[in-house]
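Note: the block below is work_12.tsv and it holds TSV, C-alpha atoms.
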```tsv
chain	number	residue	atom	x	y	z
A	1	MET	CA	2.35	59.49	44.94
A	2	GLU	CA	4.34	58.64	48.06
A	3	LYS	CA	5.19	61.61	50.26
A	4	ASN	CA	8.23	62.00	52.47
A	5	PRO	CA	7.69	63.53	55.91
A	6	VAL	CA	9.45	66.78	56.78
A	7	ILE	CA	9.23	66.13	60.53
A	8	THR	CA	9.20	62.67	62.11
A	9	ALA	CA	8.87	61.89	65.81
A	10	SER	CA	9.37	58.47	67.39
A	11	ASP	CA	8.48	57.67	71.01
A	12	LEU	CA	8.71	61.35	71.89
A	13	SER	CA	8.22	62.66	75.43
A	14	ILE	CA	7.55	66.37	75.89
A	15	GLY	CA	7.46	68.57	78.97
A	16	TYR	CA	9.75	70.68	81.12
A	17	ARG	CA	12.91	70.40	83.19
A	18	THR	CA	13.37	72.83	86.06
A	19	GLY	CA	16.59	72.10	87.90
A	20	ARG	CA	16.38	68.46	88.90
A	21	ARG	CA	12.62	68.36	88.49
A	22	THR	CA	11.10	66.92	85.32
A	23	SER	CA	7.45	67.51	84.43
A	24	ILE	CA	6.25	65.25	81.61
A	25	VAL	CA	3.23	66.49	79.65
A	26	HIS	CA	3.03	63.60	77.14
A	27	ARG	CA	4.93	60.36	76.56
A	28	HIS	CA	5.35	57.99	73.60
A	29	LEU	CA	4.23	60.37	70.84
A	30	SER	CA	4.94	59.20	67.29
A	31	PHE	CA	3.87	61.19	64.24
A	32	GLN	CA	4.85	62.59	60.85
A	33	LEU	CA	4.29	66.03	59.33
A	34	TYR	CA	4.13	66.25	55.53
A	35	SER	CA	4.76	68.94	52.93
A	36	GLY	CA	1.81	70.20	50.94
A	37	GLU	CA	-0.63	69.67	53.80
A	38	LEU	CA	-2.40	71.83	56.34
A	39	THR	CA	-2.51	69.98	59.67
A	40	CYS	CA	-4.64	71.25	62.57
A	41	LEU	CA	-3.75	70.43	66.18
A	42	LEU	CA	-6.88	70.25	68.35
A	43	GLY	CA	-7.19	69.82	72.09
A	44	SER	CA	-8.55	71.38	75.26
A	45	ASN	CA	-6.77	74.11	77.20
A	46	GLY	CA	-3.85	72.54	79.05
A	47	ALA	CA	-3.70	69.53	76.73
A	48	GLY	CA	-0.12	70.35	75.75
A	49	LYS	CA	-0.59	71.89	72.30
A	50	SER	CA	1.77	74.81	72.89
A	51	THR	CA	4.30	72.50	74.54
A	52	LEU	CA	4.28	70.29	71.46
A	53	LEU	CA	4.70	73.26	69.11
A	54	ARG	CA	7.58	74.65	71.17
A	55	THR	CA	9.25	71.25	71.07
A	56	LEU	CA	8.86	71.03	67.30
A	57	SER	CA	10.32	74.52	66.89
A	58	ALA	CA	13.27	73.64	69.20
A	59	SER	CA	12.23	76.38	71.62
A	60	GLN	CA	12.43	73.67	74.28
A	61	PRO	CA	14.11	70.27	74.09
A	62	PRO	CA	12.24	66.95	74.08
A	63	LEU	CA	12.56	64.90	77.26
A	64	ALA	CA	13.02	61.61	75.42
A	65	GLY	CA	12.62	60.00	72.02
A	66	GLU	CA	13.71	60.97	68.54
A	67	LEU	CA	12.71	64.11	66.64
A	68	MET	CA	13.90	64.41	63.04
A	69	LEU	CA	13.74	67.37	60.66
A	70	GLU	CA	14.40	66.46	57.02
A	71	ASN	CA	16.01	63.16	58.09
A	72	LYS	CA	18.41	64.87	60.51
A	73	PRO	CA	18.03	65.16	64.31
A	74	LEU	CA	16.45	68.50	65.16
A	75	ASN	CA	19.03	69.18	67.87
A	76	ALA	CA	21.85	68.74	65.33
A	77	TYR	CA	20.85	71.97	63.56
A	78	SER	CA	22.33	75.29	64.56
A	79	GLU	CA	19.92	78.06	65.52
A	80	LYS	CA	20.54	79.77	62.18
A	81	GLU	CA	19.93	76.53	60.26
A	82	ARG	CA	16.67	75.93	62.14
A	83	SER	CA	15.47	79.48	61.43
A	84	ARG	CA	15.84	78.72	57.74
A	85	ARG	CA	13.71	75.60	58.02
A	86	ILE	CA	11.02	76.39	60.62
A	87	GLY	CA	8.88	79.50	60.69
A	88	MET	CA	6.82	80.28	63.80
A	89	VAL	CA	3.72	82.48	64.16
A	90	LEU	CA	2.55	83.05	67.73
A	91	THR	CA	-0.81	84.10	69.17
A	92	ASP	CA	0.62	87.22	70.79
A	93	LYS	CA	-0.15	90.45	69.00
A	94	THR	CA	2.97	91.97	67.48
A	95	MET	CA	4.38	95.06	69.20
A	96	ALA	CA	5.91	96.35	65.95
A	97	GLY	CA	3.22	98.98	65.41
A	98	GLY	CA	5.81	101.58	64.44
A	99	LEU	CA	7.06	99.52	61.52
A	100	LYS	CA	5.55	99.65	58.08
A	101	VAL	CA	4.09	96.33	56.91
A	102	GLU	CA	6.84	95.88	54.35
A	103	GLU	CA	9.47	96.47	57.05
A	104	LEU	CA	7.84	93.97	59.41
A	105	VAL	CA	7.73	91.28	56.73
A	106	ALA	CA	11.35	92.05	55.80
A	107	LEU	CA	12.41	90.90	59.29
A	108	GLY	CA	11.70	87.38	58.10
A	109	ARG	CA	14.76	87.64	55.83
A	110	GLN	CA	17.15	87.89	58.82
A	111	PRO	CA	18.03	84.15	58.78
A	112	HIS	CA	19.40	84.76	55.27
A	113	THR	CA	20.82	88.29	55.57
A	114	GLY	CA	21.80	88.47	59.24
A	115	PHE	CA	20.49	91.02	61.73
A	116	PHE	CA	22.27	93.93	60.04
A	117	GLY	CA	22.19	92.41	56.56
A	118	ARG	CA	21.19	94.48	53.59
A	119	LEU	CA	18.22	93.56	51.47
A	120	HIS	CA	18.95	92.94	47.82
A	121	ALA	CA	16.66	92.83	44.80
A	122	GLN	CA	15.88	89.14	45.39
A	123	ASP	CA	14.88	89.86	49.01
A	124	HIS	CA	12.57	92.68	47.97
A	125	ALA	CA	11.01	90.41	45.34
A	126	LEU	CA	10.34	87.71	47.95
A	127	ILE	CA	8.76	90.27	50.28
A	128	ALA	CA	6.50	91.55	47.51
A	129	GLU	CA	5.52	87.98	46.57
A	130	ALA	CA	4.67	87.13	50.21
A	131	LEU	CA	2.54	90.25	50.63
A	132	GLU	CA	0.74	89.38	47.41
A	133	ALA	CA	0.28	85.76	48.49
A	134	VAL	CA	-1.45	86.73	51.73
A	135	GLY	CA	-3.53	89.43	50.08
A	136	ILE	CA	-2.17	92.59	51.73
A	137	ALA	CA	0.19	93.95	49.06
A	138	HIS	CA	-1.89	97.15	49.09
A	139	LYS	CA	-0.94	97.63	52.76
A	140	ALA	CA	2.83	97.42	52.22
A	141	GLN	CA	3.42	101.09	53.13
A	142	SER	CA	0.87	101.19	55.95
A	143	TYR	CA	2.01	101.10	59.56
A	144	THR	CA	1.39	97.85	61.38
A	145	ALA	CA	-0.56	99.74	64.05
A	146	GLU	CA	-3.07	100.75	61.38
A	147	LEU	CA	-3.92	97.15	60.43
A	148	SER	CA	-6.94	95.18	61.54
A	149	ASP	CA	-6.30	92.03	63.58
A	150	GLY	CA	-6.85	89.89	60.50
A	151	GLU	CA	-4.47	91.97	58.38
A	152	ARG	CA	-1.85	91.91	61.15
A	153	GLN	CA	-2.02	88.13	61.30
A	154	LYS	CA	-1.63	87.94	57.53
A	155	ALA	CA	1.46	90.15	57.82
A	156	MET	CA	2.95	87.74	60.36
A	157	ILE	CA	2.25	84.83	58.02
A	158	ALA	CA	3.96	86.76	55.20
A	159	LYS	CA	6.95	87.28	57.51
A	160	ALA	CA	7.13	83.49	57.99
A	161	LEU	CA	6.85	82.94	54.24
A	162	VAL	CA	9.88	85.09	53.40
A	163	GLN	CA	11.98	82.91	55.68
A	164	GLU	CA	11.57	80.35	52.87
A	165	CYS	CA	11.01	77.59	55.42
A	166	PRO	CA	9.62	74.18	54.48
A	167	VAL	CA	7.77	74.12	57.84
A	168	ILE	CA	5.49	76.77	59.36
A	169	LEU	CA	4.13	76.33	62.89
A	170	LEU	CA	1.31	78.54	64.15
A	171	ASP	CA	0.03	78.72	67.72
A	172	GLU	CA	-3.66	79.72	67.65
A	173	PRO	CA	-3.30	82.18	64.76
A	174	THR	CA	-7.04	82.97	64.67
A	175	ALA	CA	-7.60	83.43	68.41
A	176	PHE	CA	-8.40	87.16	68.21
A	177	LEU	CA	-10.05	87.22	64.80
A	178	ASP	CA	-13.67	87.65	63.76
A	179	VAL	CA	-15.43	84.96	61.75
A	180	VAL	CA	-14.58	86.49	58.36
A	181	SER	CA	-10.90	86.91	59.21
A	182	ARG	CA	-10.73	83.39	60.67
A	183	THR	CA	-12.18	81.96	57.48
A	184	GLU	CA	-9.76	83.98	55.35
A	185	VAL	CA	-6.70	82.92	57.37
A	186	PHE	CA	-7.65	79.22	57.30
A	187	GLY	CA	-8.26	79.40	53.55
A	188	LEU	CA	-4.97	81.23	53.06
A	189	LEU	CA	-2.97	78.65	55.03
A	190	HIS	CA	-4.54	75.75	53.14
A	191	ARG	CA	-3.78	77.42	49.82
A	192	LEU	CA	-0.17	78.19	50.82
A	193	ALA	CA	0.40	74.60	51.94
A	194	MET	CA	-0.76	73.33	48.55
A	195	GLU	CA	0.69	75.98	46.24
A	196	GLN	CA	4.05	76.41	47.98
A	197	ASN	CA	4.37	72.78	49.13
A	198	LYS	CA	4.87	73.72	52.77
A	199	ALA	CA	4.15	71.65	55.86
A	200	ILE	CA	1.85	73.88	57.92
A	201	LEU	CA	0.82	72.91	61.44
A	202	LEU	CA	-1.44	75.11	63.53
A	203	SER	CA	-3.08	74.72	66.89
A	204	THR	CA	-6.63	75.99	67.10
A	205	HIS	CA	-9.90	75.88	69.04
A	206	ASN	CA	-11.79	76.67	65.84
A	207	VAL	CA	-13.00	73.11	65.28
A	208	GLU	CA	-15.53	73.91	62.56
A	209	GLN	CA	-12.97	75.57	60.26
A	210	ALA	CA	-10.40	72.87	60.97
A	211	LEU	CA	-12.82	70.14	59.90
A	212	VAL	CA	-13.51	71.93	56.63
A	213	LEU	CA	-9.96	72.85	55.56
A	214	ALA	CA	-7.45	70.64	57.42
A	215	ASP	CA	-5.90	67.86	55.35
A	216	LYS	CA	-4.88	66.12	58.59
A	217	LEU	CA	-5.97	66.41	62.20
A	218	TRP	CA	-3.85	65.86	65.30
A	219	LEU	CA	-6.11	65.24	68.30
A	220	LEU	CA	-4.22	65.76	71.57
A	221	SER	CA	-5.61	64.77	74.96
A	222	ALA	CA	-4.28	63.60	78.31
A	223	GLU	CA	-6.34	60.41	78.11
A	224	ASN	CA	-5.56	59.34	74.54
A	225	GLY	CA	-2.27	61.03	73.71
A	226	LEU	CA	-1.95	62.10	70.07
A	227	GLN	CA	-4.23	60.66	67.39
A	228	CYS	CA	-3.29	61.59	63.82
A	229	GLY	CA	-5.04	61.02	60.53
A	230	VAL	CA	-6.91	62.40	57.55
A	231	THR	CA	-9.79	64.55	58.80
A	232	GLU	CA	-12.59	62.40	57.41
A	233	ASP	CA	-11.00	59.16	58.69
A	234	LEU	CA	-10.91	60.48	62.26
A	235	ILE	CA	-14.46	61.81	62.03
A	236	LEU	CA	-16.00	58.69	60.52
A	237	HIS	CA	-14.12	56.43	62.95
A	238	ARG	CA	-15.72	58.40	65.81
A	239	ARG	CA	-12.47	59.82	67.21
A	240	MET	CA	-13.84	63.32	67.87
A	241	ASP	CA	-15.64	62.16	71.02
A	242	THR	CA	-12.25	61.22	72.51
A	243	LEU	CA	-10.90	64.78	72.35
A	244	PHE	CA	-12.56	66.12	75.50
A	245	ASN	CA	-12.95	64.11	78.68
A	246	ARG	CA	-16.44	65.43	79.40
A	247	SER	CA	-19.73	63.62	79.88
A	248	ASP	CA	-21.87	66.71	79.26
A	249	ILE	CA	-20.89	67.38	75.65
A	250	CYS	CA	-20.69	65.24	72.54
A	251	PHE	CA	-19.81	65.62	68.88
A	252	ASP	CA	-22.50	65.92	66.22
A	253	TYR	CA	-20.99	63.80	63.44
A	254	ALA	CA	-23.64	64.89	60.95
A	255	HIS	CA	-22.94	68.61	61.34
A	256	GLY	CA	-19.36	68.74	62.62
A	257	VAL	CA	-19.95	70.61	65.89
A	258	TYR	CA	-19.81	69.93	69.62
A	259	TYR	CA	-23.02	70.42	71.54
A	260	PRO	CA	-24.24	69.95	75.13
A	261	ILE	CA	-26.00	66.69	75.92
A	262	VAL	CA	-29.68	67.32	76.57
A	263	ASN	CA	-31.18	65.58	79.56
A	264	GLY	CA	-34.71	66.19	78.40
A	265	GLN	CA	-37.36	66.37	81.09
A	266	LYS	CA	-39.96	65.70	78.39
A	267	LYS	CA	-39.98	63.87	75.09
A	268	ILE	CA	-41.48	65.00	71.81
A	269	VAL	CA	-41.73	63.26	68.44
A	270	VAL	CA	-40.24	65.40	65.65
A	271	GLU	CA	-40.64	64.84	61.90
A	272	SER	CA	-39.50	66.76	58.83
A	273	ASP	CA	-38.60	65.96	55.23
A	274	ASP	CA	-36.15	68.88	55.22
A	275	GLU	CA	-32.86	67.91	56.90
A	276	THR	CA	-31.85	71.52	57.57
A	277	LEU	CA	-35.24	72.37	59.03
A	278	LEU	CA	-35.16	69.21	61.15
A	279	HIS	CA	-31.74	70.13	62.55
A	280	TRP	CA	-32.80	73.62	63.65
A	281	THR	CA	-36.14	72.39	64.97
A	282	VAL	CA	-34.34	69.91	67.21
A	283	ASN	CA	-31.93	72.69	68.19
A	284	ALA	CA	-34.81	74.92	69.37
A	285	LEU	CA	-36.51	72.10	71.27
A	286	ASN	CA	-33.28	70.95	72.92
A	287	ARG	CA	-32.83	74.47	74.24
A	288	ARG	CA	-36.19	74.03	75.97
A	289	HIS	CA	-34.92	70.72	77.43
A	290	TYR	CA	-37.04	68.52	75.18
A	291	ALA	CA	-35.58	65.20	74.12
A	292	CYS	CA	-36.51	64.73	70.46
A	293	VAL	CA	-37.39	61.21	69.30
A	294	GLN	CA	-38.50	59.59	66.06
A	295	PRO	CA	-41.98	58.24	65.38
A	296	SER	CA	-42.50	54.68	66.65
A	297	PRO	CA	-45.35	52.60	68.11
A	298	GLU	CA	-44.13	53.18	71.67
A	299	ASN	CA	-44.08	56.96	71.14
A	300	VAL	CA	-47.65	57.38	69.87
A	301	SER	CA	-48.82	58.95	73.14
A	302	LEU	CA	-46.12	61.65	73.11
A	303	PRO	CA	-46.60	65.21	71.84
A	304	SER	CA	-45.51	65.52	68.23
A	305	LEU	CA	-44.25	68.25	65.95
A	306	GLN	CA	-44.24	68.14	62.16
A	307	ALA	CA	-41.91	70.75	60.67
A	308	VAL	CA	-43.25	71.31	57.16
A	309	ALA	CA	-41.61	74.69	56.60
A	310	PRO	CA	-40.14	77.44	58.82
A	311	ASP	CA	-43.55	79.13	58.76
A	312	ARG	CA	-45.59	75.93	59.10
A	313	LEU	CA	-44.88	74.02	62.30
A	314	ILE	CA	-47.72	71.66	63.21
A	315	LEU	CA	-47.87	70.83	66.92
A	316	ASN	CA	-50.03	68.07	68.36
A	317	GLN	CA	-50.28	67.89	72.14
A	318	SER	CA	-52.98	66.69	74.49
A	319	GLY	CA	-55.11	65.74	71.49
A	320	LYS	CA	-55.11	69.30	70.11
A	321	THR	CA	-53.44	70.34	66.86
A	322	SER	CA	-52.17	73.86	66.19
A	323	SER	CA	-50.14	75.38	63.37
A	324	CYS	CA	-47.41	77.90	64.19
A	325	SER	CA	-46.03	80.36	61.64
A	326	SER	CA	-42.65	80.85	63.34
A	327	PHE	CA	-40.40	79.33	65.97
A	328	GLU	CA	-41.15	82.32	68.17
A	329	GLU	CA	-44.82	81.36	68.13
A	330	LEU	CA	-44.04	77.67	68.61
A	331	LEU	CA	-41.89	78.28	71.68
A	332	SER	CA	-44.52	80.58	73.15
A	333	VAL	CA	-47.19	77.86	73.11
A	334	LEU	CA	-44.93	74.94	73.99
A	335	PRO	CA	-44.52	74.32	77.72
A	336	ASN	CA	-40.95	74.37	78.99
A	337	GLY	CA	-39.40	70.92	79.04
```
structure tokens encoding of this file:
Amino acid sequence: MEKNPVITASDLSIGYRTGRRTSIVHRHLSFQLYSGELTCLLGSNGAGKSTLLRTLSASQPPLAGELMLENKPLNAYSEKERSRRIGMVLTDKTMAGGLKVEELVALGRQPHTGFFGRLHAQDHALIAEALEAVGIAHKAQSYTAELSDGERQKAMIAKALVQECPVILLDEPTAFLDVVSRTEVFGLLHRLAMEQNKAILLSTHNVEQALVLADKLWLLSAENGLQCGVTEDLILHRRMDTLFNRSDICFDYAHGVYYPIVNGQKKIVVESDDETLLHWTVNALNRRHYACVQPSPENVSLPSLQAVAPDRLILNQSGKTSSCSSFEELLSVLPNG
């Protein structure tokens, strides 16, 4: 089924104007953001992720190019009209600790009721539905100051939901969260995008979660601009190595993580029939600055390690064979690389 984009950018330039001075962060960006999808914006610090999000939310104007929201120029919308179409969740912790959770979420209805508008039965129903959707309905009468970081972030997402916007933009929503809360928030956003047919775009440094749950990735870098695509297409076309302009790290395409390049001072042959065991064996040896290689005729004179099980690691070095019952024992008998 063909999808229509909610946001479309053509030849967009983003950056800042200060007086007569113009500072361009990125030029010639073209992309589309679709309903029903969770899109993750990845990039290094200073790559321009927040600048792009602010431009998409109309918090700052584009420097050049065309930016369309629902087939209408973004700058043609009034502030009130935009607030009904774009919800924004920022990294900053909310200072509304004195408000009850229900009251905080109710602030999201202001684009529809006005600042002093009264809430009606339909508004209260939407607030209850949003709290239920993010899983904190039981906290409705709690004070925001009493919430955990994860619960507070869910409350801010609920506030964006009651705006009834087709687009939700989030700037590093999991920055201060623990691993459980990060996983919950990512899962929640993916579910909301699908179930409520919203276009959700978030910037994040949490690459591992993004690769698991993002329908699309936007890779932003100074060297390569913005690369957009389905997550697996970008991974399998080896685009992840273009994200950071560094020669000392690379992307592990088999496991979906970035890791430091090992300049091994020594080489060792490593074998295992267990892929998981092989991965963590190589991980331990890399940490000792060993470059791990596969068996081959030219490597027959190298030390070798056969990982049969976590408690059976068979090391052959200098013509002597020993069996280690743990990685602690292995690393104690293996010279530093």
Enumerate, in order of chain and increasing residue number, the residues of segment 57-91 of chain A with an atom no farther than 8 Å from segment 167-185 of chain A, each with its shortest atom pair and distance in Å to one decimal, counting all atoms listed in the file, as JSON lines.
```
{"residue": "A:Ser57", "atom": "CA", "partner": "A:Leu169", "partner_atom": "CA", "distance": 7.6}
{"residue": "A:Arg85", "atom": "CA", "partner": "A:Val167", "partner_atom": "CA", "distance": 6.1}
{"residue": "A:Ile86", "atom": "CA", "partner": "A:Val167", "partner_atom": "CA", "distance": 4.8}
{"residue": "A:Gly87", "atom": "CA", "partner": "A:Ile168", "partner_atom": "CA", "distance": 4.6}
{"residue": "A:Met88", "atom": "CA", "partner": "A:Leu169", "partner_atom": "CA", "distance": 4.9}
{"residue": "A:Val89", "atom": "CA", "partner": "A:Leu170", "partner_atom": "CA", "distance": 4.6}
{"residue": "A:Leu90", "atom": "CA", "partner": "A:Asp171", "partner_atom": "CA", "distance": 5.0}
{"residue": "A:Thr91", "atom": "CA", "partner": "A:Pro173", "partner_atom": "CA", "distance": 5.4}
```
Produce a file of the selected residues containing C-alpha atoms, as a PDB file, keeping the file's coordinate frame.
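Generated file (selection.pdb):
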```pdb
ATOM      1  CA  SER A  57      10.320  74.520  66.890  1.00  0.00           C
ATOM      2  CA  ARG A  85      13.710  75.600  58.020  1.00  0.00           C
ATOM      3  CA  ILE A  86      11.020  76.390  60.620  1.00  0.00           C
ATOM      4  CA  GLY A  87       8.880  79.500  60.690  1.00  0.00           C
ATOM      5  CA  MET A  88       6.820  80.280  63.800  1.00  0.00           C
ATOM      6  CA  VAL A  89       3.720  82.480  64.160  1.00  0.00           C
ATOM      7  CA  LEU A  90       2.550  83.050  67.730  1.00  0.00           C
ATOM      8  CA  THR A  91      -0.810  84.100  69.170  1.00  0.00           C
TER       9      THR A  91
END
```
Exercise. Counting only C-alpha atoms, note down every residue that has an atom within 6 Å of the point (7.4, 59.9, 67.0) (file coordinates), as an MDAnalysis selection string.
Key: chainID A and resid 8:12 29:31
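Distance check against Gly256 of chain A using all atoms listed in the file: of A:Gln209, A:Thr321, A:Thr281, A:Thr204, the minimum falls on A:Gln209.
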Quiz item: Nearest to Leu331 of chain A: which of A:Leu38, A:Leu53, A:Leu285, A:Leu234 is it, counting all atoms listed in the file?
Solution: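 Comparing A:Leu38, A:Leu53, A:Leu285, A:Leu234 against Leu331 of chain A, the winner is A:Leu285.
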Exercise. Take atom CA of Ala155 of chain A and atom CA of Ile136 of chain A and report the distance between them in Å, one decimal.
Key: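 So the answer is 7.5 Å.
For Asp241 of chain A, the non-local neighbours within 9 Å, defined as residues at least 2 positions apart in the same chain or in other chains and counting all atoms listed in the file, are Arg238, Arg239, Leu243, Phe244, Asn245, Ile249, Cys250, Phe251 and Tyr258 of chain A.
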Quiz item: Quick one: of A:Gly150, A:Gly98, A:Pro61, A:Pro166, who's nearest to Glu37 of chain A, counting all atoms listed in the file?
Solution: A:Pro166
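Closest approach to Gly43 of chain A from the set A:Glu223, A:Glu232, A:Asp149, A:Glu70 is made by A:Glu223, with distances taken over all atoms listed in the file.
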I want to know what sits within 10 Å of Gln317 of chain A, based on all atoms listed in the file, with residues of the same chain fewer than 4 positions away left out; could you give that as a compact mmCIF listing (two decimals) with C-alpha atoms, in the coordinates of the input?
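Heads up, here's the output in selection.txt:
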```
# COMPACT_ATOMS: atom_id res chain seq x y z
CA ILE A 268 -41.48 65.00 71.81
CA SER A 301 -48.82 58.95 73.14
CA LEU A 302 -46.12 61.65 73.11
CA PRO A 303 -46.60 65.21 71.84
CA SER A 304 -45.51 65.52 68.23
CA LEU A 305 -44.25 68.25 65.95
CA THR A 321 -53.44 70.34 66.86
CA SER A 322 -52.17 73.86 66.19
CA LEU A 334 -44.93 74.94 73.99
```
Quiz prompt | Pick from A:Leu226, A:Leu213, A:Leu131, A:Ile14, whichever lies nearest to Arg54 of chain A using only C-alpha atoms | solution =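 Under the stated criterion, the closest residue is A:Ile14.
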Practice problem: Can you work out the spacing between atom CA of Ser44 of chain A and atom CA of Asp215 of chain A in Å, to one decimal? | Solution: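 Those two atoms sit 20.4 Å apart.
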Self-check item: Selected residue of minimal separation from Leu211 of chain A among A:Leu189, A:Ile235, A:Glu66, A:Gln294, counting all atoms listed in the file
Solution: A:Ile235
Quiz item: Quick one, how far is atom CA of Val101 of chain A from atom CA of Ala140 of chain A?
Solution: 5.0 Å
Missing atoms of segment 294-311 of chain A rebuilt to N, CA and C atoms, written as a PDB file, in the coordinates of the input:
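Done, and the output landed in selection.pdb:
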```
ATOM      1  N   GLN A 294     -37.876  59.892  67.346  1.00  0.00           N
ATOM      2  CA  GLN A 294     -38.500  59.590  66.060  1.00  0.00           C
ATOM      3  C   GLN A 294     -39.839  58.894  66.269  1.00  0.00           C
ATOM      4  N   PRO A 295     -40.693  58.941  65.259  1.00  0.00           N
ATOM      5  CA  PRO A 295     -41.980  58.240  65.380  1.00  0.00           C
ATOM      6  C   PRO A 295     -41.788  56.736  65.541  1.00  0.00           C
ATOM      7  N   SER A 296     -42.534  56.130  66.439  1.00  0.00           N
ATOM      8  CA  SER A 296     -42.500  54.680  66.650  1.00  0.00           C
ATOM      9  C   SER A 296     -43.757  54.293  67.422  1.00  0.00           C
ATOM     10  N   PRO A 297     -44.126  53.021  67.411  1.00  0.00           N
ATOM     11  CA  PRO A 297     -45.350  52.600  68.110  1.00  0.00           C
ATOM     12  C   PRO A 297     -45.339  52.962  69.595  1.00  0.00           C
ATOM     13  N   GLU A 298     -44.182  52.890  70.232  1.00  0.00           N
ATOM     14  CA  GLU A 298     -44.130  53.180  71.670  1.00  0.00           C
ATOM     15  C   GLU A 298     -44.190  54.682  71.975  1.00  0.00           C
ATOM     16  N   ASN A 299     -44.072  55.515  70.928  1.00  0.00           N
ATOM     17  CA  ASN A 299     -44.080  56.960  71.140  1.00  0.00           C
ATOM     18  C   ASN A 299     -45.394  57.621  70.699  1.00  0.00           C
ATOM     19  N   VAL A 300     -46.409  56.814  70.419  1.00  0.00           N
ATOM     20  CA  VAL A 300     -47.650  57.380  69.870  1.00  0.00           C
ATOM     21  C   VAL A 300     -48.354  58.295  70.870  1.00  0.00           C
ATOM     22  N   SER A 301     -48.120  58.122  72.153  1.00  0.00           N
ATOM     23  CA  SER A 301     -48.820  58.950  73.140  1.00  0.00           C
ATOM     24  C   SER A 301     -48.085  60.258  73.441  1.00  0.00           C
ATOM     25  N   LEU A 302     -46.906  60.444  72.854  1.00  0.00           N
ATOM     26  CA  LEU A 302     -46.120  61.650  73.110  1.00  0.00           C
ATOM     27  C   LEU A 302     -46.608  62.819  72.275  1.00  0.00           C
ATOM     28  N   PRO A 303     -46.355  64.060  72.717  1.00  0.00           N
ATOM     29  CA  PRO A 303     -46.600  65.210  71.840  1.00  0.00           C
ATOM     30  C   PRO A 303     -45.769  65.067  70.581  1.00  0.00           C
ATOM     31  N   SER A 304     -46.243  65.634  69.486  1.00  0.00           N
ATOM     32  CA  SER A 304     -45.510  65.520  68.230  1.00  0.00           C
ATOM     33  C   SER A 304     -45.457  66.860  67.520  1.00  0.00           C
ATOM     34  N   LEU A 305     -44.413  67.024  66.724  1.00  0.00           N
ATOM     35  CA  LEU A 305     -44.250  68.250  65.950  1.00  0.00           C
ATOM     36  C   LEU A 305     -43.824  67.867  64.536  1.00  0.00           C
ATOM     37  N   GLN A 306     -44.586  68.350  63.557  1.00  0.00           N
ATOM     38  CA  GLN A 306     -44.240  68.140  62.160  1.00  0.00           C
ATOM     39  C   GLN A 306     -43.779  69.477  61.588  1.00  0.00           C
ATOM     40  N   ALA A 307     -42.465  69.527  61.248  1.00  0.00           N
ATOM     41  CA  ALA A 307     -41.910  70.750  60.670  1.00  0.00           C
ATOM     42  C   ALA A 307     -42.011  70.668  59.163  1.00  0.00           C
ATOM     43  N   VAL A 308     -43.022  71.332  58.606  1.00  0.00           N
ATOM     44  CA  VAL A 308     -43.250  71.310  57.160  1.00  0.00           C
ATOM     45  C   VAL A 308     -42.423  72.397  56.482  1.00  0.00           C
ATOM     46  N   ALA A 309     -42.369  73.550  57.100  1.00  0.00           N
ATOM     47  CA  ALA A 309     -41.610  74.690  56.600  1.00  0.00           C
ATOM     48  C   ALA A 309     -41.341  75.605  57.807  1.00  0.00           C
ATOM     49  N   PRO A 310     -40.411  76.550  57.682  1.00  0.00           N
ATOM     50  CA  PRO A 310     -40.140  77.440  58.820  1.00  0.00           C
ATOM     51  C   PRO A 310     -41.365  78.216  59.292  1.00  0.00           C
ATOM     52  N   ASP A 311     -42.331  78.410  58.375  1.00  0.00           N
ATOM     53  CA  ASP A 311     -43.550  79.130  58.760  1.00  0.00           C
ATOM     54  C   ASP A 311     -44.759  78.195  58.851  1.00  0.00           C
TER      55      ASP A 311
END
```
